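Source file: run.pdb. Holds: PDB, C-alpha atoms.
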```
ATOM      1  CA  GLY A   1      73.504 234.671 113.683
ATOM      2  CA  ALA A   2      75.316 234.190 116.931
ATOM      3  CA  GLY A   3      77.497 231.340 115.784
ATOM      4  CA  VAL A   4      78.367 229.089 112.862
ATOM      5  CA  SER A   5      75.347 227.071 111.841
ATOM      6  CA  GLN A   6      75.501 223.787 109.950
ATOM      7  CA  SER A   7      72.758 221.674 108.482
ATOM      8  CA  PRO A   8      71.708 218.965 108.548
ATOM      9  CA  SER A   9      73.146 217.843 111.865
ATOM     10  CA  ASN A  10      72.937 214.230 110.748
ATOM     11  CA  LYS A  11      72.732 212.700 107.301
ATOM     12  CA  VAL A  12      72.396 209.051 106.411
ATOM     13  CA  THR A  13      72.756 208.168 102.766
ATOM     14  CA  GLU A  14      73.268 205.174 100.550
ATOM     15  CA  LYS A  15      76.530 204.515  98.776
ATOM     16  CA  GLY A  16      76.566 206.186  95.381
ATOM     17  CA  LYS A  17      74.156 208.995  96.238
ATOM     18  CA  ASP A  18      75.123 212.682  96.253
ATOM     19  CA  VAL A  19      74.902 214.765  99.433
ATOM     20  CA  GLU A  20      74.978 218.474 100.099
ATOM     21  CA  LEU A  21      76.047 219.980 103.422
ATOM     22  CA  ARG A  22      75.393 223.581 104.364
ATOM     23  CA  CYS A  23      77.284 226.103 106.462
ATOM     24  CA  ASP A  24      76.184 229.556 107.607
ATOM     25  CA  PRO A  25      79.211 231.439 108.970
ATOM     26  CA  ILE A  26      79.202 234.148 111.587
ATOM     27  CA  SER A  27      78.019 237.423 110.099
ATOM     28  CA  GLY A  28      80.983 239.555 109.063
ATOM     29  CA  HIS A  29      83.425 236.665 108.845
ATOM     30  CA  THR A  30      84.902 236.625 105.381
ATOM     31  CA  ALA A  31      87.009 233.496 105.801
ATOM     32  CA  LEU A  32      85.340 230.087 105.799
ATOM     33  CA  TYR A  33      86.896 226.652 106.205
ATOM     34  CA  TRP A  34      85.653 223.102 105.808
ATOM     35  CA  TYR A  35      87.245 220.246 107.749
ATOM     36  CA  ARG A  36      86.577 216.528 107.940
ATOM     37  CA  GLN A  37      86.810 214.553 111.168
ATOM     38  CA  ARG A  38      86.926 210.807 110.779
ATOM     39  CA  LEU A  39      86.416 208.527 113.746
ATOM     40  CA  GLY A  40      89.439 208.575 116.017
ATOM     41  CA  GLN A  41      91.239 211.141 113.887
ATOM     42  CA  GLY A  42      91.986 214.809 114.115
ATOM     43  CA  LEU A  43      90.490 217.288 111.748
ATOM     44  CA  GLU A  44      91.634 217.330 108.129
ATOM     45  CA  PHE A  45      91.507 220.586 106.200
ATOM     46  CA  LEU A  46      89.379 220.377 103.061
ATOM     47  CA  ILE A  47      88.856 223.825 101.556
ATOM     48  CA  TYR A  48      89.184 227.522 102.372
ATOM     49  CA  PHE A  49      87.267 230.542 101.089
ATOM     50  CA  GLN A  50      88.363 234.139 101.591
ATOM     51  CA  GLY A  51      86.095 236.842 100.272
ATOM     52  CA  ASN A  52      85.982 236.833  96.488
ATOM     53  CA  SER A  53      89.371 235.187  96.048
ATOM     54  CA  ALA A  54      89.734 231.807  94.405
ATOM     55  CA  PRO A  55      89.247 229.120  97.051
ATOM     56  CA  ASP A  56      92.097 226.937  98.250
ATOM     57  CA  LYS A  57      90.924 223.441  97.377
ATOM     58  CA  SER A  58      94.192 221.728  98.213
ATOM     59  CA  GLY A  59      92.662 219.581 100.953
ATOM     60  CA  LEU A  60      89.841 218.053  98.948
ATOM     61  CA  PRO A  61      90.471 214.285  98.891
ATOM     62  CA  SER A  62      89.036 213.567  95.449
ATOM     63  CA  ASP A  63      87.168 215.147  92.555
ATOM     64  CA  ARG A  64      83.935 213.834  94.056
ATOM     65  CA  PHE A  65      84.217 216.645  96.592
ATOM     66  CA  SER A  66      83.381 220.237  95.727
ATOM     67  CA  ALA A  67      82.319 223.343  97.570
ATOM     68  CA  GLU A  68      80.822 226.686  96.755
ATOM     69  CA  ARG A  69      80.305 229.883  98.630
ATOM     70  CA  THR A  70      77.874 232.652  97.810
ATOM     71  CA  GLY A  71      79.689 235.917  98.366
ATOM     72  CA  GLU A  72      80.674 236.080 102.006
ATOM     73  CA  SER A  73      77.794 234.048 103.340
ATOM     74  CA  VAL A  74      76.514 230.515 102.963
ATOM     75  CA  SER A  75      78.719 227.686 101.774
ATOM     76  CA  THR A  76      77.749 224.239 100.552
ATOM     77  CA  LEU A  77      79.981 221.187 100.461
ATOM     78  CA  THR A  78      78.882 218.593  97.919
ATOM     79  CA  ILE A  79      80.023 214.985  97.850
ATOM     80  CA  GLN A  80      79.095 213.096  94.703
ATOM     81  CA  ARG A  81      78.748 209.321  94.451
ATOM     82  CA  THR A  82      79.369 208.894  98.179
ATOM     83  CA  GLN A  83      81.536 206.030  99.403
ATOM     84  CA  GLN A  84      81.621 204.405 102.819
ATOM     85  CA  GLU A  85      84.985 206.017 103.551
ATOM     86  CA  ASP A  86      83.282 209.415 103.276
ATOM     87  CA  SER A  87      81.530 208.701 106.566
ATOM     88  CA  ALA A  88      82.739 211.361 108.978
ATOM     89  CA  VAL A  89      81.769 214.555 110.738
ATOM     90  CA  TYR A  90      82.128 217.556 108.454
ATOM     91  CA  LEU A  91      82.908 220.733 110.338
ATOM     92  CA  CYS A  92      82.721 224.283 109.108
ATOM     93  CA  ALA A  93      84.560 227.207 110.674
ATOM     94  CA  SER A  94      84.683 230.922 110.008
ATOM     95  CA  SER A  95      87.037 233.700 110.972
ATOM     96  CA  LEU A  96      87.593 237.409 110.486
ATOM     97  CA  ALA A  97      89.609 238.619 107.542
ATOM     98  CA  GLY A  98      92.929 240.312 108.053
ATOM     99  CA  THR A  99      96.461 239.439 108.889
ATOM    100  CA  GLY A 100      97.980 237.877 111.916
ATOM    101  CA  LEU A 101      96.154 236.214 114.703
ATOM    102  CA  SER A 102      92.667 237.527 113.978
ATOM    103  CA  LYS A 103      92.246 235.352 110.932
ATOM    104  CA  ASN A 104      93.683 232.377 112.741
ATOM    105  CA  ILE A 105      90.997 232.258 115.396
ATOM    106  CA  GLN A 106      88.349 230.042 113.924
ATOM    107  CA  TYR A 107      84.865 229.527 115.268
ATOM    108  CA  PHE A 108      83.347 226.139 114.560
ATOM    109  CA  GLY A 109      79.871 224.871 113.892
ATOM    110  CA  ALA A 110      78.545 221.699 115.503
ATOM    111  CA  GLY A 111      79.155 219.743 112.317
ATOM    112  CA  THR A 112      77.222 217.399 110.078
ATOM    113  CA  ARG A 113      77.579 213.707 110.862
ATOM    114  CA  LEU A 114      77.501 211.842 107.552
ATOM    115  CA  SER A 115      76.913 208.111 107.490
ATOM    116  CA  VAL A 116      77.211 206.292 104.169
ATOM    117  CA  LEU A 117      75.617 202.857 104.220
TER     118      LEU A 117
ATOM    119  CA  ALA B   1     105.179 220.139 106.464
ATOM    120  CA  GLN B   2     103.909 221.228 109.815
ATOM    121  CA  SER B   3     102.588 218.475 112.063
ATOM    122  CA  VAL B   4     101.109 218.213 115.533
ATOM    123  CA  THR B   5     101.509 215.279 117.894
ATOM    124  CA  GLN B   6      99.282 214.678 120.859
ATOM    125  CA  LEU B   7     100.690 212.011 123.106
ATOM    126  CA  GLY B   8      97.968 209.736 124.428
ATOM    127  CA  SER B   9      94.664 209.295 122.669
ATOM    128  CA  HIS B  10      92.941 208.730 126.007
ATOM    129  CA  VAL B  11      93.754 210.187 129.421
ATOM    130  CA  SER B  12      91.864 209.278 132.581
ATOM    131  CA  VAL B  13      92.127 211.236 135.824
ATOM    132  CA  SER B  14      90.250 211.343 139.087
ATOM    133  CA  GLU B  15      88.127 214.322 139.990
ATOM    134  CA  GLY B  16      90.360 216.893 141.693
ATOM    135  CA  ALA B  17      93.562 215.538 140.146
ATOM    136  CA  LEU B  18      95.923 217.369 137.843
ATOM    137  CA  VAL B  19      95.122 217.296 134.150
ATOM    138  CA  LEU B  20      98.066 217.219 131.728
ATOM    139  CA  LEU B  21      97.482 216.855 127.998
ATOM    140  CA  ARG B  22     100.563 216.875 125.810
ATOM    141  CA  CYS B  23     101.099 218.590 122.478
ATOM    142  CA  ASN B  24     104.222 218.942 120.355
ATOM    143  CA  TYR B  25     104.572 220.717 117.047
ATOM    144  CA  SER B  26     107.174 220.221 114.375
ATOM    145  CA  SER B  27     108.157 223.573 112.861
ATOM    146  CA  SER B  28     111.328 225.434 113.798
ATOM    147  CA  VAL B  29     109.534 228.772 113.589
ATOM    148  CA  PRO B  30     106.979 229.023 116.382
ATOM    149  CA  PRO B  31     103.492 229.013 114.892
ATOM    150  CA  TYR B  32     100.283 230.223 116.410
ATOM    151  CA  LEU B  33      99.140 227.523 118.831
ATOM    152  CA  PHE B  34      95.645 226.659 119.970
ATOM    153  CA  TRP B  35      93.784 224.249 122.191
ATOM    154  CA  TYR B  36      90.189 223.425 121.334
ATOM    155  CA  VAL B  37      87.703 221.346 123.327
ATOM    156  CA  GLN B  38      84.922 219.269 121.810
ATOM    157  CA  TYR B  39      82.029 218.075 123.916
ATOM    158  CA  PRO B  40      79.915 215.193 122.564
ATOM    159  CA  ASN B  41      77.865 216.147 119.512
ATOM    160  CA  GLN B  42      79.135 219.704 119.594
ATOM    161  CA  GLY B  43      81.563 221.738 117.550
ATOM    162  CA  LEU B  44      85.002 222.786 118.696
ATOM    163  CA  GLN B  45      85.310 225.540 121.267
ATOM    164  CA  LEU B  46      88.493 227.576 121.634
ATOM    165  CA  LEU B  47      90.091 227.060 125.056
ATOM    166  CA  LEU B  48      93.163 229.225 124.630
ATOM    167  CA  LYS B  49      95.703 230.486 122.131
ATOM    168  CA  TYR B  50      99.391 231.385 122.040
ATOM    169  CA  THR B  51     100.312 234.564 120.204
ATOM    170  CA  SER B  52     104.007 235.102 121.132
ATOM    171  CA  ALA B  53     103.407 237.298 124.134
ATOM    172  CA  ALA B  54     103.506 235.537 127.492
ATOM    173  CA  THR B  55     104.598 231.916 127.291
ATOM    174  CA  LEU B  56     102.056 230.883 129.924
ATOM    175  CA  VAL B  57      98.612 231.286 128.477
ATOM    176  CA  LYS B  58      95.444 231.174 130.528
ATOM    177  CA  GLY B  59      92.206 230.026 128.975
ATOM    178  CA  ILE B  60      88.648 229.338 129.924
ATOM    179  CA  ASN B  61      87.448 226.854 132.542
ATOM    180  CA  GLY B  62      90.681 227.060 134.519
ATOM    181  CA  PHE B  63      92.903 225.624 131.796
ATOM    182  CA  GLU B  64      96.308 226.970 130.930
ATOM    183  CA  ALA B  65      99.115 226.033 128.576
ATOM    184  CA  GLU B  66     102.799 226.795 128.503
ATOM    185  CA  PHE B  67     104.722 227.378 125.301
ATOM    186  CA  LYS B  68     108.249 225.943 125.448
ATOM    187  CA  LYS B  69     110.222 226.732 122.325
ATOM    188  CA  SER B  70     113.156 224.521 123.289
ATOM    189  CA  GLU B  71     110.837 221.538 123.536
ATOM    190  CA  THR B  72     108.466 222.603 120.696
ATOM    191  CA  SER B  73     105.670 221.897 123.138
ATOM    192  CA  PHE B  74     102.400 223.476 124.196
ATOM    193  CA  HIS B  75     101.030 221.198 126.902
ATOM    194  CA  LEU B  76      97.614 221.870 128.423
ATOM    195  CA  THR B  77      97.115 221.708 132.177
ATOM    196  CA  LYS B  78      94.464 222.212 134.809
ATOM    197  CA  PRO B  79      95.299 221.909 138.513
ATOM    198  CA  SER B  80      92.083 220.179 139.542
ATOM    199  CA  ALA B  81      89.867 218.177 137.202
ATOM    200  CA  HIS B  82      86.118 218.516 137.292
ATOM    201  CA  MET B  83      83.599 216.029 135.965
ATOM    202  CA  SER B  84      82.474 218.593 133.415
ATOM    203  CA  ASP B  85      85.975 218.596 131.884
ATOM    204  CA  ALA B  86      85.336 215.219 130.288
ATOM    205  CA  ALA B  87      85.602 215.876 126.568
ATOM    206  CA  GLU B  88      87.997 215.564 123.650
ATOM    207  CA  TYR B  89      90.804 218.071 123.421
ATOM    208  CA  PHE B  90      92.576 219.077 120.231
ATOM    209  CA  CYS B  91      95.848 220.907 119.849
ATOM    210  CA  ALA B  92      96.184 222.894 116.623
ATOM    211  CA  VAL B  93      98.762 225.094 114.942
ATOM    212  CA  SER B  94      98.665 227.685 112.223
ATOM    213  CA  ASP B  95     101.749 229.010 110.494
ATOM    214  CA  ARG B  96     102.234 232.745 110.867
ATOM    215  CA  GLY B  97     101.597 234.528 107.606
ATOM    216  CA  SER B  98      99.572 231.638 106.266
ATOM    217  CA  GLN B  99      95.947 231.804 105.195
ATOM    218  CA  GLY B 100      95.035 230.427 108.573
ATOM    219  CA  ASN B 101      94.510 226.716 107.952
ATOM    220  CA  LEU B 102      94.619 224.905 111.224
ATOM    221  CA  ILE B 103      96.623 221.700 111.444
ATOM    222  CA  PHE B 104      95.210 219.519 114.168
ATOM    223  CA  GLY B 105      96.533 216.769 116.337
ATOM    224  CA  LYS B 106      94.500 213.581 116.558
ATOM    225  CA  GLY B 107      92.932 214.589 119.826
ATOM    226  CA  THR B 108      93.012 213.334 123.402
ATOM    227  CA  LYS B 109      89.865 212.101 125.059
ATOM    228  CA  LEU B 110      89.810 213.081 128.722
ATOM    229  CA  SER B 111      87.813 210.974 131.166
ATOM    230  CA  VAL B 112      87.229 212.143 134.742
ATOM    231  CA  LYS B 113      86.446 209.548 137.384
ATOM    232  CA  PRO B 114      84.435 210.464 140.476
TER     233      PRO B 114
END
```
Could I get this structure in the form of structure tokens?
Amino acid sequence: GAGVSQSPSNKVTEKGKDVELRCDPISGHTALYWYRQRLGQGLEFLIYFQGNSAPDKSGLPSDRFSAERTGESVSTLTIQRTQQEDSAVYLCASSLAGTGLSKNIQYFGAGTRLSVL
Amino acid sequence: AQSVTQLGSHVSVSEGALVLLRCNYSSSVPPYLFWYVQYPNQGLQLLLKYTSAATLVKGINGFEAEFKKSETSFHLTKPSAHMSDAAEYFCAVSDRGSQGNLIFGKGTKLSVKP
């Protein structure tokens, strides 16, 4: 597609339920990032995928959070047993592989706004 | 660890006035530097980036930013604000040689008064 696509755009869930967020990166982009944006805050890095390498999960806030990526395409971010503090906008970004600046230019989706009641 | 500070969570200017949004980074080695803009209910859009060539970087929509190593700053400016510039602006850095994680400031919401 033309850009990074995320679904759903909005998700309301009850505390304790599991949610799954989806990201379709730009075709040809092998790097994919998930970020979380809480109200009034900047973006926090969550997880990074690069090709078939092991993902960098260092930003995941707890073991309730996990993410998968199928090859170099779709990624899903799963939050189990959601808590109210998980309410945020979850943004996905993709970038080209390689060294230097090219991999540092990230293109963002519109995000999924998660509300945990 | 690298950090980014954006001074002022909210800036208000009149239409036609100068826009100045401040950003400072913490590392001693100049990183890659970026400004992103976020319009309501949209994702982040890249405004401009610093790559270590010219210190004055021009971006889209008439914005520019100047890299000042001595001040570890990368402030964003626009000579004349337009109503359509109202949005949230994020400064971000990425360490050279890293996997590309962006470290973001907390953002500055720009309001433009008629």
Would you give me, as a PyMOL selection string, the residues of chain A that come within 12 Å of chain B, using all atoms listed in the file?
chain A and resi 3-6+9-10+31-50+53+55-59+89-113
Might you spell out which residues the PyMOL selection byres ((chain A and resi 12) around 10) would select in the displayed file, as number ranges by chain?
A: 10-11, 13-15, 19, 87, 113-117
Contacts of Leu7 of chain B within 8 Å, only C-alpha atoms, excl. fewer than 4 positions in-chain, as a ChimeraX atom specification
/B:21-23,108
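Atom CA of Arg81 of chain A to atom CA of Asn52 of chain A spans 28.5 Å [interatomic distance, one decimal].
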Residues matched by the PyMOL selection byres ((chain B and resi 30) around 8) as a PDB file with C-alpha atoms, in the frame of the given file:
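Result saved to part09.pdb:
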```pdb
ATOM      1  CA  SER B  27     108.157 223.573 112.861  1.00  0.00           C
ATOM      2  CA  SER B  28     111.328 225.434 113.798  1.00  0.00           C
ATOM      3  CA  VAL B  29     109.534 228.772 113.589  1.00  0.00           C
ATOM      4  CA  PRO B  31     103.492 229.013 114.892  1.00  0.00           C
ATOM      5  CA  TYR B  32     100.283 230.223 116.410  1.00  0.00           C
ATOM      6  CA  LYS B  69     110.222 226.732 122.325  1.00  0.00           C
ATOM      7  CA  THR B  72     108.466 222.603 120.696  1.00  0.00           C
ATOM      8  CA  ASP B  95     101.749 229.010 110.494  1.00  0.00           C
TER       9      ASP B  95
END
```
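Computed from the coordinates, the atom CA of Glu71 of chain B to atom CA of Ser12 of chain B distance equals 24.3 Å.
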